[in-house]
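Coordinates from data28.cif are shown below (mmCIF, C-alpha atoms).
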data_my_file
#
loop_
_atom_site.label_atom_id
_atom_site.label_comp_id
_atom_site.auth_asym_id
_atom_site.auth_seq_id
_atom_site.Cartn_x
_atom_site.Cartn_y
_atom_site.Cartn_z
CA MET A 148 25.21 42.02 21.65
CA LYS A 149 21.84 40.45 20.82
CA THR A 150 21.51 42.66 17.73
CA PHE A 151 25.00 41.67 16.59
CA LYS A 152 24.15 37.95 16.89
CA SER A 153 20.90 38.44 14.96
CA THR A 154 22.77 40.32 12.24
CA LEU A 155 25.33 37.52 11.91
CA LYS A 156 22.55 34.92 11.80
CA TYR A 157 20.63 36.69 9.05
CA LEU A 158 23.83 37.42 7.13
CA PHE A 159 24.70 33.72 7.19
CA LEU A 160 21.17 32.78 6.05
CA ILE A 161 21.32 35.30 3.19
CA ILE A 162 24.69 33.98 2.01
CA ALA A 163 23.47 30.37 2.27
CA SER A 164 20.32 31.27 0.29
CA LEU A 165 22.33 32.97 -2.45
CA VAL A 166 24.68 29.98 -2.73
CA SER A 167 21.70 27.61 -2.92
CA ILE A 168 19.76 29.59 -5.51
CA PHE A 169 22.72 30.51 -7.74
CA PRO A 170 22.70 27.25 -9.78
CA PHE A 171 19.03 27.80 -10.66
CA VAL A 172 19.62 31.42 -11.64
CA TRP A 173 22.65 30.44 -13.72
CA MET A 174 20.58 27.71 -15.39
CA ILE A 175 17.91 30.23 -16.43
CA ILE A 176 20.53 32.71 -17.65
CA GLY A 177 22.35 29.94 -19.55
CA ALA A 178 19.15 29.01 -21.38
CA THR A 179 19.24 32.44 -23.05
CA ASN A 180 22.88 32.25 -24.14
CA SER A 181 24.86 30.31 -26.73
CA ALA A 182 27.13 27.39 -25.85
CA THR A 183 30.18 29.61 -26.38
CA ASP A 184 28.92 32.28 -23.97
CA ILE A 185 28.10 29.66 -21.34
CA THR A 186 31.57 28.16 -21.67
CA LYS A 187 33.06 31.62 -21.16
CA GLY A 188 31.03 32.03 -17.96
CA LYS A 189 28.70 34.80 -19.13
CA LEU A 190 26.36 35.80 -16.29
CA SER A 191 23.98 38.10 -18.16
CA PHE A 192 20.90 37.31 -20.21
CA GLY A 193 21.34 36.80 -23.94
CA GLY A 194 19.10 36.53 -26.99
CA GLU A 195 19.49 32.84 -27.86
CA LEU A 196 16.49 31.44 -25.98
CA MET A 197 14.29 30.68 -29.01
CA ASN A 198 17.24 29.22 -30.93
CA ASN A 199 18.10 26.99 -27.97
CA ILE A 200 14.48 25.79 -27.70
CA THR A 201 14.33 25.07 -31.44
CA ARG A 202 17.61 23.14 -31.41
CA LEU A 203 16.52 21.17 -28.35
CA PHE A 204 13.32 19.92 -29.99
CA GLU A 205 15.31 19.07 -33.12
CA MET A 206 17.90 17.05 -31.19
CA ALA A 207 15.55 15.08 -28.93
CA ASP A 208 11.90 14.07 -28.61
CA ILE A 209 11.33 16.08 -25.45
CA PRO A 210 7.50 15.73 -25.29
CA ARG A 211 7.72 11.92 -25.43
CA ALA A 212 10.53 11.77 -22.85
CA PHE A 213 8.61 14.16 -20.58
CA PHE A 214 5.45 12.07 -20.90
CA ASN A 215 7.40 8.86 -20.17
CA SER A 216 8.92 10.33 -17.02
CA LEU A 217 5.60 11.76 -15.86
CA LYS A 218 3.75 8.49 -16.45
CA ILE A 219 6.38 6.46 -14.58
CA ALA A 220 6.58 8.95 -11.69
CA LEU A 221 2.81 9.21 -11.20
CA ILE A 222 2.12 5.47 -11.38
CA THR A 223 5.09 4.71 -9.11
CA THR A 224 4.02 7.33 -6.56
CA VAL A 225 0.40 6.15 -6.38
CA LEU A 226 1.31 2.46 -6.06
CA LEU A 227 4.14 3.17 -3.63
CA LEU A 228 1.92 5.22 -1.34
CA LEU A 229 -0.85 2.63 -1.40
CA ILE A 230 1.28 -0.48 -0.86
CA SER A 231 3.88 0.96 1.51
CA SER A 232 1.34 2.78 3.67
CA ALA A 233 -0.74 -0.40 3.94
CA ALA A 234 2.39 -2.32 4.99
CA GLY A 235 3.45 0.31 7.52
CA TYR A 236 -0.10 0.48 8.90
CA ALA A 237 -0.28 -3.31 9.23
CA PHE A 238 3.12 -3.55 10.94
CA GLU A 239 1.99 -1.09 13.60
CA ILE A 240 -1.66 -2.04 14.12
CA TYR A 241 -1.69 -5.82 13.87
CA ARG A 242 0.48 -7.68 16.35
CA SER A 243 1.97 -11.15 15.94
CA LYS A 244 5.01 -13.12 17.11
CA ALA A 245 6.74 -12.91 13.73
CA ARG A 246 5.95 -9.24 13.13
CA GLU A 247 9.18 -7.74 14.47
CA ARG A 248 11.35 -10.39 12.81
CA ILE A 249 9.84 -9.71 9.41
CA TYR A 250 10.08 -5.96 9.98
CA ASN A 251 13.75 -6.17 10.98
CA LEU A 252 14.52 -8.26 7.89
CA LEU A 253 12.77 -5.64 5.82
CA LEU A 254 14.89 -2.87 7.32
CA LEU A 255 18.03 -4.89 6.62
CA THR A 256 17.28 -4.67 2.89
CA MET A 257 18.06 -0.94 3.13
CA MET A 258 21.72 -1.93 3.63
CA ILE A 259 21.91 -3.74 0.27
CA PRO A 260 23.34 -1.41 -2.41
CA PHE A 261 21.44 -1.23 -5.67
CA ALA A 262 24.59 -2.20 -7.55
CA ALA A 263 24.28 -5.67 -6.02
CA LEU A 264 20.71 -6.00 -7.32
CA MET A 265 21.12 -4.74 -10.87
CA ILE A 266 22.13 -7.99 -12.55
CA PRO A 267 19.53 -10.22 -10.80
CA LEU A 268 16.81 -7.65 -11.51
CA TYR A 269 17.79 -7.35 -15.16
CA LYS A 270 17.86 -11.13 -15.64
CA MET A 271 14.49 -11.50 -13.93
CA PHE A 272 12.77 -8.89 -16.09
CA ALA A 273 14.50 -10.06 -19.28
CA MET A 274 13.37 -13.66 -18.66
CA ASN A 275 9.78 -12.44 -18.29
CA GLY A 276 9.89 -10.27 -21.42
CA LEU A 277 9.74 -6.99 -19.54
CA SER A 278 13.07 -5.48 -20.57
CA ASN A 279 12.78 -2.16 -22.38
CA THR A 280 9.39 -1.50 -20.76
CA HIS A 281 8.24 1.03 -18.23
CA SER A 282 6.83 -1.78 -16.09
CA ALA A 283 10.39 -2.89 -15.38
CA ILE A 284 11.08 0.54 -13.87
CA ILE A 285 7.84 0.78 -11.90
CA LEU A 286 7.62 -2.70 -10.36
CA PRO A 287 10.87 -2.66 -8.29
CA THR A 288 9.91 0.65 -6.68
CA ILE A 289 6.25 0.17 -5.70
CA ALA A 290 7.32 -0.71 -2.15
CA THR A 291 10.44 0.47 -0.34
CA ALA A 292 11.70 -0.25 3.15
CA TYR A 293 12.19 3.45 3.90
CA ILE A 294 8.60 4.46 3.05
CA ILE A 295 7.23 1.46 4.97
CA PHE A 296 9.36 2.52 7.95
CA PHE A 297 8.14 6.11 7.55
CA PHE A 298 4.47 5.09 7.57
CA ARG A 299 4.92 2.75 10.52
CA GLN A 300 6.45 5.58 12.55
CA THR A 301 3.69 8.04 11.61
CA THR A 302 1.02 5.41 12.32
CA LYS A 303 2.17 5.44 15.97
CA ALA A 304 0.53 8.88 16.22
CA PHE A 305 -2.73 7.68 14.65
CA PRO A 306 -5.51 7.85 17.27
CA LYS A 307 -6.54 4.26 17.98
CA ASP A 308 -9.87 5.46 19.38
CA LEU A 309 -10.95 6.25 15.82
CA MET A 310 -10.36 2.62 14.85
CA GLN A 311 -12.39 1.33 17.78
CA ALA A 312 -15.22 3.72 17.01
CA ALA A 313 -15.18 2.69 13.34
CA ARG A 314 -15.34 -0.99 14.27
CA VAL A 315 -18.26 -0.32 16.58
CA ASP A 316 -20.01 1.42 13.66
CA GLY A 317 -19.56 -1.71 11.55
CA LEU A 318 -16.63 -0.79 9.29
CA ASN A 319 -14.34 -3.62 8.24
CA GLU A 320 -10.52 -3.34 8.22
CA PHE A 321 -10.28 -2.24 4.60
CA GLN A 322 -12.91 0.46 5.12
CA ILE A 323 -11.06 1.71 8.20
CA PHE A 324 -7.85 1.97 6.19
CA PHE A 325 -9.36 3.76 3.18
CA TYR A 326 -12.03 5.89 4.87
CA ILE A 327 -10.41 6.68 8.22
CA PHE A 328 -6.64 6.21 8.10
CA ILE A 329 -5.82 7.74 4.70
CA PRO A 330 -7.83 10.99 5.15
CA THR A 331 -6.50 11.41 8.69
CA MET A 332 -2.87 10.89 7.65
CA LYS A 333 -2.93 13.13 4.56
CA SER A 334 0.12 15.09 5.75
CA SER A 335 2.16 11.89 5.93
CA TYR A 336 0.96 10.90 2.47
CA ALA A 337 1.95 14.29 1.09
CA ALA A 338 5.45 14.04 2.56
CA ALA A 339 5.94 10.49 1.31
CA GLY A 340 4.43 11.47 -2.06
CA ILE A 341 6.98 14.24 -2.59
CA ILE A 342 9.84 11.88 -1.76
CA ALA A 343 8.45 9.14 -4.01
CA PHE A 344 7.74 11.45 -6.96
CA MET A 345 11.14 13.17 -6.85
CA THR A 346 12.98 9.86 -6.48
CA SER A 347 11.12 8.32 -9.41
CA TRP A 348 11.44 11.41 -11.60
CA ASN A 349 15.21 11.66 -11.02
CA ASN A 350 15.84 7.92 -11.37
CA PHE A 351 18.73 7.39 -13.79
CA LEU A 352 20.78 4.22 -13.29
CA TRP A 353 18.05 1.58 -13.55
CA PRO A 354 16.29 3.18 -16.57
CA LEU A 355 19.70 3.47 -18.25
CA ILE A 356 20.17 -0.30 -17.86
CA ILE A 357 16.68 -1.56 -18.67
CA LEU A 358 15.59 0.83 -21.44
CA GLN A 359 17.15 0.55 -24.89
CA SER A 360 14.82 2.27 -27.39
CA ASN A 361 14.55 6.04 -27.72
CA GLU A 362 10.74 5.83 -27.56
CA GLN A 363 10.89 4.51 -23.99
CA LYS A 364 13.56 6.83 -22.60
CA THR A 365 12.91 9.26 -19.77
CA MET A 366 13.99 12.87 -19.28
CA THR A 367 17.05 11.91 -17.24
CA LEU A 368 18.31 9.65 -20.04
CA VAL A 369 17.68 12.32 -22.67
CA LEU A 370 19.59 14.88 -20.60
CA SER A 371 22.47 12.45 -20.24
CA SER A 372 22.61 11.82 -23.98
CA LEU A 373 22.55 15.55 -24.75
CA SER A 374 25.37 16.21 -22.29
CA SER A 375 27.55 13.41 -23.71
CA ALA A 376 27.51 14.75 -27.27
CA TYR A 377 30.86 15.53 -28.89
CA PHE A 378 29.95 19.23 -29.09
CA PRO A 379 27.30 19.75 -26.37
CA GLU A 380 24.76 22.50 -27.02
CA PHE A 381 24.86 23.88 -23.51
CA GLY A 382 22.11 26.43 -24.13
CA SER A 383 19.69 23.73 -25.27
CA ILE A 384 20.76 21.52 -22.39
CA MET A 385 19.89 24.34 -19.95
CA VAL A 386 16.42 24.58 -21.51
CA ALA A 387 16.00 20.82 -21.13
CA ILE A 388 17.09 20.99 -17.48
CA ILE A 389 14.52 23.73 -16.81
CA ILE A 390 11.78 21.58 -18.38
CA ALA A 391 12.91 18.56 -16.35
CA THR A 392 12.99 20.59 -13.11
CA LEU A 393 9.52 22.12 -13.38
CA PRO A 394 7.43 19.08 -12.27
CA THR A 395 9.43 18.48 -9.09
CA ILE A 396 9.32 22.18 -8.20
CA LEU A 397 5.57 22.28 -8.84
CA VAL A 398 4.88 19.17 -6.75
CA PHE A 399 7.03 20.40 -3.87
CA PHE A 400 5.47 23.86 -3.68
CA LEU A 401 1.93 22.50 -3.97
CA LEU A 402 2.51 20.08 -1.09
CA GLN A 403 5.10 22.06 0.88
CA ARG A 404 2.85 22.78 3.86
CA TYR A 405 1.78 19.15 4.14
CA PHE A 406 5.38 18.02 3.66
CA VAL A 407 6.55 19.89 6.76
CA GLU A 408 3.60 18.62 8.79
CA GLY A 409 4.12 15.05 7.59
CA MET A 410 7.83 14.96 8.32
CA MET A 411 7.12 16.25 11.84
CA GLY A 412 4.56 13.48 12.34
CA SER A 413 1.55 15.73 12.80
CA ILE A 414 -2.00 14.64 11.92
CA LYS A 415 -4.59 16.80 10.24
#
Could you spell out this file's structure in structure tokens?
Amino acid sequence: MKTFKSTLKYLFLIIASLVSIFPFVWMIIGATNSATDITKGKLSFGGELMNNITRLFEMADIPRAFFNSLKIALITTVLLLLISSAAGYAFEIYRSKARERIYNLLLLTMMIPFAALMIPLYKMFAMNGLSNTHSAIILPTIATAYIIFFFRQTTKAFPKDLMQAARVDGLNEFQIFFYIFIPTMKSSYAAAGIIAFMTSWNNFLWPLIILQSNEQKTMTLVLSSLSSAYFPEFGSIMVAIIIATLPTILVFFLLQRYFVEGMMGSIK
């Protein structure tokens, strides 16, 4: 009976894995086929890969779009981790009468849909001459309620004895944060970094609204424009999707071990 249950469990996991990985396999296969073959549902490799790559770079400025997305994602991730972790750390370590009220108001902002903020945000950035700039994409995302909440919860596991020892040794509060807290909580930073990078890299709606020129567009906007063509070149689109997917896959696999540790609240 135990063997039968184990067999069913592994069979279910195998089926779930195949279902999950099939879109990626189909994407790679599609990159080697023509648009006609993809439309017909061909599931074998073809010989159109180089033609698809050539057409893609003729239709869109992929290197510029890739660089734009990478620049925005990296800057956003670094600033988000620094500011949100400092806020979460402060909410947990420093106590005051107004602390919980401010924190609860901050959490309430998570209930506001982005659709309700689009017009005020656009007007604010347009009035300050920041429309059609990458700064307009980065600035609204350098601190989020979720990441602040995440860091406050992980800070609960931070050993307070380290802080007391650091203060005895003469470190000020900023030195404690940068030299003690950040290295100790690297697993939490890795987990939050993956979330921040993937969210920024896949951001579509706000860049679509705020960016107008082709020189400023990101990979998600380029993919959208390729897909909305009258006669989409599906083979080239598959190549573009592979290029757009590589950074997030690379970041996740490089930080995978720390991601699991961070999400479980462990400290290394």
Residues selected by the PyMOL selection byres ((chain A and resi 392-408) around 12), written as a ChimeraX atom specification: /A:171,174-175,213-214,216-218,220-221,224,301,332-349,366-367,370,385-391,409-415
I need the residue set behind the PyMOL selection byres ((chain A and resi 377-383) around 9) for this file; please write it as a list in words.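 Applied to this file, the PyMOL selection byres ((chain A and resi 377-383) around 9) selects Met174, Gly177, Ala178, Thr179, Asn180, Ser181, Ala182, Thr183, Asp184, Ile185, Thr186, Glu195, Leu196, Asn198, Asn199, Ile200, Thr201, Arg202, Leu203, Phe204, Leu373, Ser374, Ser375, Ala376, Ile384, Met385, Val386, Ala387 and Ile388 of chain A.
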Could you tell me which residues the PyMOL selection byres ((chain A and resi 298-300) around 7) grabs in this file, written as a list in words? Ser232, Gly235, Tyr236, Phe238, Glu239, Ile294, Ile295, Phe296, Phe297, Thr301, Thr302 and Lys303 of chain A
Skip Asn215 in chain A itself and residues of its chain fewer than 4 positions away, then list as a PyMOL selection string all residues within 10 Å of it, counting only C-alpha atoms. chain A and resi 209-211+219-220+281+348+362-366
So how many Å separate CA of Phe324 in chain A and CA of Met310 in chain A, to one decimal? 9.0 Å
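Going from CA of Tyr269 in chain A over to CA of Ile285 in chain A, you cover 13.3 Å.
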Could you jot down the CA of Gly188 in chain A to CA of Pro170 in chain A separation for me, Å, one decimal place?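 Separation between CA of Gly188 in chain A and CA of Pro170 in chain A: 12.6 Å.
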A:Ala207, A:Val166, A:Ile222, A:Ala292: which is nearest Ser371 in chain A, counting all atoms listed in the file?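 Of A:Ala207, A:Val166, A:Ile222, A:Ala292, the one nearest Ser371 in chain A is A:Ala207, counting all atoms listed in the file.
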Please, can range 219-249 of chain A be completed to N, CA and C atoms and returned as a compact mmCIF listing (two decimals), in the frame of the given file?
# COMPACT_ATOMS: atom_id res chain seq x y z
N ILE A 219 5.68 7.34 -15.53
CA ILE A 219 6.38 6.46 -14.58
C ILE A 219 6.31 7.02 -13.17
N ALA A 220 6.56 8.33 -13.02
CA ALA A 220 6.58 8.95 -11.69
C ALA A 220 5.20 8.91 -11.03
N LEU A 221 4.16 9.19 -11.79
CA LEU A 221 2.81 9.21 -11.20
C LEU A 221 2.35 7.81 -10.81
N ILE A 222 2.54 6.84 -11.70
CA ILE A 222 2.12 5.47 -11.38
C ILE A 222 2.92 4.93 -10.20
N THR A 223 4.24 5.17 -10.21
CA THR A 223 5.09 4.71 -9.11
C THR A 223 4.66 5.34 -7.79
N THR A 224 4.39 6.63 -7.80
CA THR A 224 4.02 7.33 -6.56
C THR A 224 2.71 6.80 -5.99
N VAL A 225 1.71 6.64 -6.85
CA VAL A 225 0.40 6.15 -6.38
C VAL A 225 0.52 4.74 -5.80
N LEU A 226 1.18 3.84 -6.53
CA LEU A 226 1.31 2.46 -6.06
C LEU A 226 2.18 2.38 -4.81
N LEU A 227 3.25 3.18 -4.79
CA LEU A 227 4.14 3.17 -3.63
C LEU A 227 3.42 3.64 -2.37
N LEU A 228 2.65 4.71 -2.50
CA LEU A 228 1.92 5.22 -1.34
C LEU A 228 0.89 4.20 -0.85
N LEU A 229 0.20 3.58 -1.79
CA LEU A 229 -0.85 2.63 -1.40
C LEU A 229 -0.26 1.39 -0.73
N ILE A 230 0.73 0.79 -1.37
CA ILE A 230 1.28 -0.48 -0.86
C ILE A 230 2.12 -0.25 0.40
N SER A 231 2.99 0.74 0.37
CA SER A 231 3.88 0.96 1.51
C SER A 231 3.13 1.46 2.73
N SER A 232 2.12 2.31 2.52
CA SER A 232 1.34 2.78 3.67
C SER A 232 0.52 1.64 4.27
N ALA A 233 0.00 0.76 3.42
CA ALA A 233 -0.74 -0.40 3.94
C ALA A 233 0.19 -1.31 4.75
N ALA A 234 1.42 -1.48 4.27
CA ALA A 234 2.39 -2.32 4.99
C ALA A 234 2.77 -1.67 6.31
N GLY A 235 3.09 -0.38 6.29
CA GLY A 235 3.45 0.31 7.52
C GLY A 235 2.30 0.32 8.53
N TYR A 236 1.09 0.51 8.04
CA TYR A 236 -0.10 0.48 8.90
C TYR A 236 -0.27 -0.89 9.53
N ALA A 237 -0.11 -1.95 8.73
CA ALA A 237 -0.28 -3.31 9.23
C ALA A 237 0.80 -3.66 10.25
N PHE A 238 2.04 -3.25 10.00
CA PHE A 238 3.12 -3.55 10.94
C PHE A 238 2.88 -2.92 12.30
N GLU A 239 2.21 -1.78 12.33
CA GLU A 239 1.99 -1.09 13.60
C GLU A 239 0.71 -1.53 14.29
N ILE A 240 -0.34 -1.78 13.52
CA ILE A 240 -1.66 -2.04 14.12
C ILE A 240 -1.84 -3.50 14.50
N TYR A 241 -1.41 -4.40 13.63
CA TYR A 241 -1.69 -5.82 13.87
C TYR A 241 -0.46 -6.50 14.46
N ARG A 242 -0.63 -7.10 15.60
CA ARG A 242 0.48 -7.68 16.35
C ARG A 242 0.52 -9.20 16.15
N SER A 243 1.75 -9.70 16.04
CA SER A 243 1.97 -11.15 15.94
C SER A 243 3.38 -11.45 16.40
N LYS A 244 3.68 -12.75 16.63
CA LYS A 244 5.01 -13.12 17.11
C LYS A 244 6.09 -12.86 16.06
N ALA A 245 5.74 -13.05 14.79
CA ALA A 245 6.74 -12.91 13.73
C ALA A 245 6.84 -11.49 13.19
N ARG A 246 6.00 -10.59 13.70
CA ARG A 246 5.95 -9.24 13.13
C ARG A 246 7.30 -8.53 13.16
N GLU A 247 7.94 -8.47 14.34
CA GLU A 247 9.18 -7.74 14.47
C GLU A 247 10.32 -8.39 13.68
N ARG A 248 10.30 -9.71 13.58
CA ARG A 248 11.35 -10.39 12.81
C ARG A 248 11.25 -10.03 11.34
N ILE A 249 10.04 -10.06 10.82
CA ILE A 249 9.84 -9.71 9.41
C ILE A 249 10.19 -8.24 9.18
